[in-house]
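Chemist: Please see the structure below; I have some questions.
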Amino acid sequence: MSFVDLEDIRVSYDGKNNILKDLNLSIEKGELVSLLGPSGCGKTTTLRVIAGLIEPNDGAFSVDGANLTKVPVHKRNFGMVFQSYALFPHLTIKENVGFGLKLRKESKETIHKKVMEMLEVTGLADYADRYPKQLSGGQRQRVALARALVIEPKLLLLDEPLSNLDAKLRINMRLEIKKIQQRLGITSVFVTHDQEECFSISDKVAVMNQGVIEQFDTPEVIYNHPKTEFVARFIGFENFFDLTLVDDHTYAAGDGSLFKTAHTWETTQKVGTIRPEDITILSKQSGPAVNTIPGTVKVRTFLGKSYQYEVETPIGKLLVQDSDETTYTSGDEVSLYISEEKLILV
Amino acid sequence: MSKKTSYLILAPGLVLLLFFLILPLVSVIWPTFYDGGVTFNAYLEFFQDMYNVGILYRTIKISLIVTLISILFGVPTAYFIANSPKKWRGLLMSLTLFPLLTNSVVRSFAWINILGRTGIINNLMLASGLISEPITLLYTEFAIIIGSFYLFLPVMIISLVGTFENIDTEIMEAAETLGANRLTAFIKVILPLSIPGVIIGSILVFTGTLTAYTTPQLLGGNRNMMMSTFLYQNAMALGDWQSASVIALIMIVTTLLVMKVFNMIAAKLDKRGEKYA
């Protein structure tokens with residue numbers, strides 16, 4: 001049994017369509033787990049089930065061995081950071097952060113001490129007496145975090161907390177969240193649709209699609225070895241082509257060209273995929289070779305540090321990213337090398 | 001657009017206001033200050049007569065009571081409407097607005113039927129043996145309060161529904177995750193944030209009750225005169241336009257003062273420092 005357990009959670013608003021289908025998720029103590037997926041995949045719903053804002057139609061949710069499925073929100077003692085921050089506009093920063101402690105009937109001195117400590121940690125000590133309106137987006141974000149953390153929650157829940165910040169601030173904030181999370185050792189669930197953000201911050205990632213978790217693993221494993229086509233597409237794999245097993249670790253594409261792979265795959269996996277940046281583009285090679293496919297450059301796009309080529313090949317259009325000095329132009333005959341190591345089957 | 005042209009565009013409205021609002025008002029009010037020279041005698045006389053002061057007091061008292069019970073009943077109703085599913089909200093709103101679409105004379109007559117000596121309430125209480133003789137409900141301050149409350153509650157509700165709808169639901173949820181049950185979250189977060197709506201609603205209900213004529217006339221009778229009925233009596237029954245004008249100005253000033261007080265209360269309660277109407 002893990003620290004946090006979601007067992008066969010089903011959520012349906014109308015009784016017919018399931019938002020979540022038999023969802024299972026286990027989180028170890030101290031871990032930061034991300035729920036990653038496109039909008040509508042059920043990641044926020046999952047978080048709201050954990051928070052207690054939605055009661056699941058079926059299934060059980062427990063933390064530390066205690067079944068909390070029917071426990072109302074206000075008795076769960078989880079800290080939550082909302083996408084809109086949801087600060088109380090009529091209270092000062094100090095009062096916002098102290099809100100939860102005040103409800104816990106702690107003494108004035110304790111509240112003041114804890115609040116000031118937390119404001120120190122989040123770098124907000126100078127803003128204690130201001131109102132949320134008088135702060136910038138990043139500062140409000142930190143207030144929301146401080147308010148959720150000061151109650152010493154069993155779980156910290158973050159619902160796309162960085163999506164309203166500009167790019168630079170977002171990178172700073174995610175580092176800060178990670179630091180604070182590790183320092184306090186607090187088990188956290190982070191919802192996002194941004195894979196880079198998610199990979200940089202998480203111990204583990206659950207990639208969700210249409211109410212189910214497609215893959216739950218460390219960011220490295222998901223990045224390098226996506227299990228399903230959906231996961232692969234979502235994390236930047238662009239090229240997909242059908243393959244059939246012909247020999248040990250050897251597959252044939254539709255046109256008969258052969259591809260070797262370095263990894264062992266289940267026999268059910270029949271679609272080969274590779275990231276554009278993992279394909280090597282070469283000038284036309286004579287004769288067929290394993291893991292190499294001829295093609296014609298159709299479109300070249302300048303991406304800054306590299307070029308992207310759209311190459312027409314016998315197995316379909318492939319996208320290739322290449323930062324080599326040799327560039328190719330539309331109409332050039334080329335060969336594409338797909339490395340054994342990087343070819344993934346889903 | 002240059003400043004000159006913008007004034008030019010403003011001109012028709014200004015002329016209209018000047019000739020149809022400001023001038024008539026001044027022509028009515030000015031004589032109350034002029035009796036061979038500038039004088040405040042008309043007003044001093046008004047306040048020296050305890051009968052007049054009693055009417056002013058009753059008017060303010062009734063208006064305040066109506067405002068308070070409108071808040072009391074309006075807040076929960078408006079919160080319920082604002083939080084009901086979208087498909088019901090429209091229906092509930094039109095039900096709320098419906099009384100506003102009927103004539104105020106008709107509505108007051110309905111209350112006469114209910115409150116009268118042979119009205120529904122007295123009949124019910126007589127039949128159930130609670131009382132042995134009909135009690136006087138009609139032509140009391142109570143009747144005016146009930147009638148005005150019924151008249152102006154929708155105004156309060158409408159102004160509150162808008163406010164409640166504008167409060168981000170995540171704010172309520174945030175309060176709950178921090179350990180507040182629904183009631184506490186409502187009292188500590190939603191209520192303070194609804195102050196702008198309460199104040200606007202209160203101003204509308206208060207001025208509405210203060211200036212309403214039909215309701216106090218039909219439900220209050222001559223013994224429970226309010227400023228508006230008193231004004232009418234002076235002007236139309238007694239032909240004393242001077243006194244009527246004095247009453248009119250006192251009503252205007254009272255309204256302004258009360259609005260000022262409401263705004264001060266709002267500024268005290270709502271620390272976000274926003275300005276109100």
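Labels for the structure tokens follow display order: chains A, B, ..., residues from 1 in each chain, ligands from 1.
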Only residues of chain B matter here; which ones have an atom within 7 Å of chain A, counting only C-alpha atoms? Give them as a list in words.
Modeler: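 Result: Glu170, Ile171, Ala174, Glu176, Thr177, Leu178, Gly179, Ala180, Asn181, Leu193, Asp270, Lys271 and Arg272 of chain B.
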Chemist: Name the residues of region 132-339 of chain A that fall into strand (DSSP E or B) according to DSSP on the backbone, using the chain letters and numbers of this document, as a VMD selection string.
Modeler: chain A and resid 155 to 159 187 to 192 204 to 209 212 to 217 239 to 247 250 to 253 258 to 260 271 to 274 279 to 283 292 to 302 307 to 313 316 to 322 333 to 338
Chemist: Would you list the contacts of Tyr232 (chain B) as a PDB file with N, CA and C atoms, in the first residue's frame, taking every protein, DNA or RNA residue within 12 Å and counting only C-alpha atoms, but skipping same-chain residues closer than 5 positions in sequence?
Modeler:
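Written out: result01.pdb:
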ATOM      1  N   THR B 211     -39.438  56.940  -1.410  1.00  0.00           N
ATOM      2  CA  THR B 211     -40.176  57.769  -2.359  1.00  0.00           C
ATOM      3  C   THR B 211     -41.479  57.133  -2.834  1.00  0.00           C
ATOM      4  N   ALA B 212     -41.680  55.847  -2.511  1.00  0.00           N
ATOM      5  CA  ALA B 212     -42.883  55.170  -3.017  1.00  0.00           C
ATOM      6  C   ALA B 212     -44.145  55.890  -2.509  1.00  0.00           C
ATOM      7  N   TYR B 213     -45.140  55.977  -3.352  1.00  0.00           N
ATOM      8  CA  TYR B 213     -46.354  56.669  -2.955  1.00  0.00           C
ATOM      9  C   TYR B 213     -47.538  55.714  -2.802  1.00  0.00           C
ATOM     10  N   THR B 214     -47.734  54.849  -3.796  1.00  0.00           N
ATOM     11  CA  THR B 214     -48.924  53.990  -3.810  1.00  0.00           C
ATOM     12  C   THR B 214     -49.016  53.106  -2.571  1.00  0.00           C
ATOM     13  N   PRO B 216     -47.599  53.180   0.617  1.00  0.00           N
ATOM     14  CA  PRO B 216     -47.995  53.778   1.910  1.00  0.00           C
ATOM     15  C   PRO B 216     -49.395  54.381   1.848  1.00  0.00           C
ATOM     16  N   GLN B 217     -49.777  54.863   0.673  1.00  0.00           N
ATOM     17  CA  GLN B 217     -51.102  55.457   0.539  1.00  0.00           C
ATOM     18  C   GLN B 217     -52.186  54.393   0.739  1.00  0.00           C
ATOM     19  N   ASN B 222     -54.278  57.210   6.401  1.00  0.00           N
ATOM     20  CA  ASN B 222     -53.917  58.577   6.754  1.00  0.00           C
ATOM     21  C   ASN B 222     -53.214  58.707   8.095  1.00  0.00           C
ATOM     22  N   MET B 225     -48.889  58.314   7.809  1.00  0.00           N
ATOM     23  CA  MET B 225     -48.409  59.077   6.681  1.00  0.00           C
ATOM     24  C   MET B 225     -46.897  58.937   6.554  1.00  0.00           C
ATOM     25  N   MET B 226     -46.426  58.838   5.299  1.00  0.00           N
ATOM     26  CA  MET B 226     -44.990  58.917   5.054  1.00  0.00           C
ATOM     27  C   MET B 226     -44.719  60.200   4.280  1.00  0.00           C
ATOM     28  N   MET B 227     -43.469  60.536   4.090  1.00  0.00           N
ATOM     29  CA  MET B 227     -43.119  61.795   3.440  1.00  0.00           C
ATOM     30  C   MET B 227     -43.795  61.942   2.081  1.00  0.00           C
ATOM     31  N   ALA B 237     -54.257  68.036  -1.800  1.00  0.00           N
ATOM     32  CA  ALA B 237     -55.451  68.211  -0.971  1.00  0.00           C
ATOM     33  C   ALA B 237     -55.506  69.608  -0.379  1.00  0.00           C
ATOM     34  N   LEU B 238     -54.343  70.100   0.094  1.00  0.00           N
ATOM     35  CA  LEU B 238     -54.334  71.405   0.746  1.00  0.00           C
ATOM     36  C   LEU B 238     -53.919  72.533  -0.190  1.00  0.00           C
ATOM     37  N   GLY B 239     -53.343  72.171  -1.332  1.00  0.00           N
ATOM     38  CA  GLY B 239     -52.898  73.189  -2.273  1.00  0.00           C
ATOM     39  C   GLY B 239     -51.740  74.016  -1.755  1.00  0.00           C
ATOM     40  N   ASP B 240     -51.043  73.495  -0.748  1.00  0.00           N
ATOM     41  CA  ASP B 240     -49.938  74.230  -0.134  1.00  0.00           C
ATOM     42  C   ASP B 240     -48.630  73.810  -0.802  1.00  0.00           C
ATOM     43  N   TRP B 241     -48.328  74.425  -1.918  1.00  0.00           N
ATOM     44  CA  TRP B 241     -47.148  74.033  -2.692  1.00  0.00           C
ATOM     45  C   TRP B 241     -45.859  74.387  -1.978  1.00  0.00           C
ATOM     46  N   SER B 243     -45.225  74.159   1.305  1.00  0.00           N
ATOM     47  CA  SER B 243     -44.903  73.056   2.220  1.00  0.00           C
ATOM     48  C   SER B 243     -44.492  71.824   1.451  1.00  0.00           C
ATOM     49  N   ALA B 244     -45.191  71.538   0.348  1.00  0.00           N
ATOM     50  CA  ALA B 244     -44.855  70.370  -0.458  1.00  0.00           C
ATOM     51  C   ALA B 244     -43.413  70.462  -0.946  1.00  0.00           C
ATOM     52  N   SER B 245     -42.989  71.669  -1.348  1.00  0.00           N
ATOM     53  CA  SER B 245     -41.628  71.862  -1.826  1.00  0.00           C
ATOM     54  C   SER B 245     -40.620  71.634  -0.711  1.00  0.00           C
ATOM     55  N   ILE B 247     -41.023  69.674   1.835  1.00  0.00           N
ATOM     56  CA  ILE B 247     -40.957  68.221   2.035  1.00  0.00           C
ATOM     57  C   ILE B 247     -40.100  67.570   0.959  1.00  0.00           C
ATOM     58  N   ALA B 248     -40.271  68.030  -0.281  1.00  0.00           N
ATOM     59  CA  ALA B 248     -39.517  67.453  -1.396  1.00  0.00           C
ATOM     60  C   ALA B 248     -38.025  67.598  -1.164  1.00  0.00           C
TER      61      ALA B 248
END
Chemist: Just checking: using only C-alpha atoms, which residue out of B:Ile114, B:Ala42, B:Leu210, B:Val189 ends up closest to Ile252 (chain B)?
Modeler: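 Smallest distance to Ile252 (chain B) is found for B:Leu210.
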Chemist: What is the CA of Gly211 (chain A) to CA of Asn18 (chain A) distance in Å?
Modeler: 7.2 Å
Chemist: Name the residues in contact with region 198-208 of chain B at a cut-off of 8 Å, using only C-alpha atoms, excluding same-chain residues fewer than 2 positions from it; report them as a ChimeraX atom specification.
Modeler: /B:63-64,66-68,70-71,152-153,155-157,159-160,194-196,210-212,255,259,262-263,266,276-277
Chemist: Counting only C-alpha atoms, which of B:Ile145, B:Ile190, B:Met50, B:Ala235 gets nearest to Ile69 (chain B)?
Modeler: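 So, comparing all the options, the nearest one is B:Ile145.
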Chemist: Within region 18-88 of chain A, find each residue whose DSSP state, derived from the backbone, is helix (DSSP H, G or I), and express the selection as a count of residues only.
Modeler: 12
Chemist: Residues of region 197-307 of chain A that approach region 29-48 of chain A to 7 Å or less, counting only C-alpha atoms: could you list each one with the shortest pair of atoms and its distance in Å to one decimal, rows by chain and increasing residue number, as JSON lines?
Modeler:
{"residue": "A:Cys198", "atom": "CA", "partner": "A:Ser34", "partner_atom": "CA", "distance": 6.3}
{"residue": "A:Ser202", "atom": "CA", "partner": "A:Leu32", "partner_atom": "CA", "distance": 5.3}
{"residue": "A:Asp203", "atom": "CA", "partner": "A:Leu32", "partner_atom": "CA", "distance": 5.3}
{"residue": "A:Lys204", "atom": "CA", "partner": "A:Val33", "partner_atom": "CA", "distance": 4.8}
{"residue": "A:Val205", "atom": "CA", "partner": "A:Ser34", "partner_atom": "CA", "distance": 4.7}
{"residue": "A:Ala206", "atom": "CA", "partner": "A:Leu35", "partner_atom": "CA", "distance": 4.9}
{"residue": "A:Val207", "atom": "CA", "partner": "A:Leu36", "partner_atom": "CA", "distance": 4.7}
{"residue": "A:Met208", "atom": "CA", "partner": "A:Gly37", "partner_atom": "CA", "distance": 5.0}
{"residue": "A:Asn209", "atom": "CA", "partner": "A:Cys41", "partner_atom": "CA", "distance": 4.7}
{"residue": "A:Gln210", "atom": "CA", "partner": "A:Cys41", "partner_atom": "CA", "distance": 4.5}
{"residue": "A:Gly211", "atom": "CA", "partner": "A:Gly42", "partner_atom": "CA", "distance": 5.0}
Chemist: Which residues come within 10 Å of Gln308 (chain A), counting only C-alpha atoms, excluding same-chain residues fewer than 4 positions away, as a count of residues only?
Modeler: 13
Chemist: Do you have the CA of Leu282 (chain A)-CA of Val221 (chain A) distance handy?
Modeler: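 CA of Leu282 (chain A) sits 28.8 Å away from CA of Val221 (chain A).
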Chemist: Report, in Å with one decimal, the straight-line distance from CA of Ser62 (chain A) to CA of Arg174 (chain A).
Modeler: 27.3 Å
Chemist: Restricting the calculation to only C-alpha atoms: of A:Ser12, A:Thr327, A:Ser136, A:Gln215, which residue gets closest to Leu25 (chain A)?
Modeler: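 Looking only at the distances to Leu25 (chain A), the closest residue turns out to be A:Gln215.
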Chemist: May I have the residues within 10 Å of Thr313 (chain A) as a PyMOL selection string, using only C-alpha atoms and disregarding those fewer than 3 positions away in the same chain?
Modeler: chain A and resi 255+293-297+310+316-318+334-336
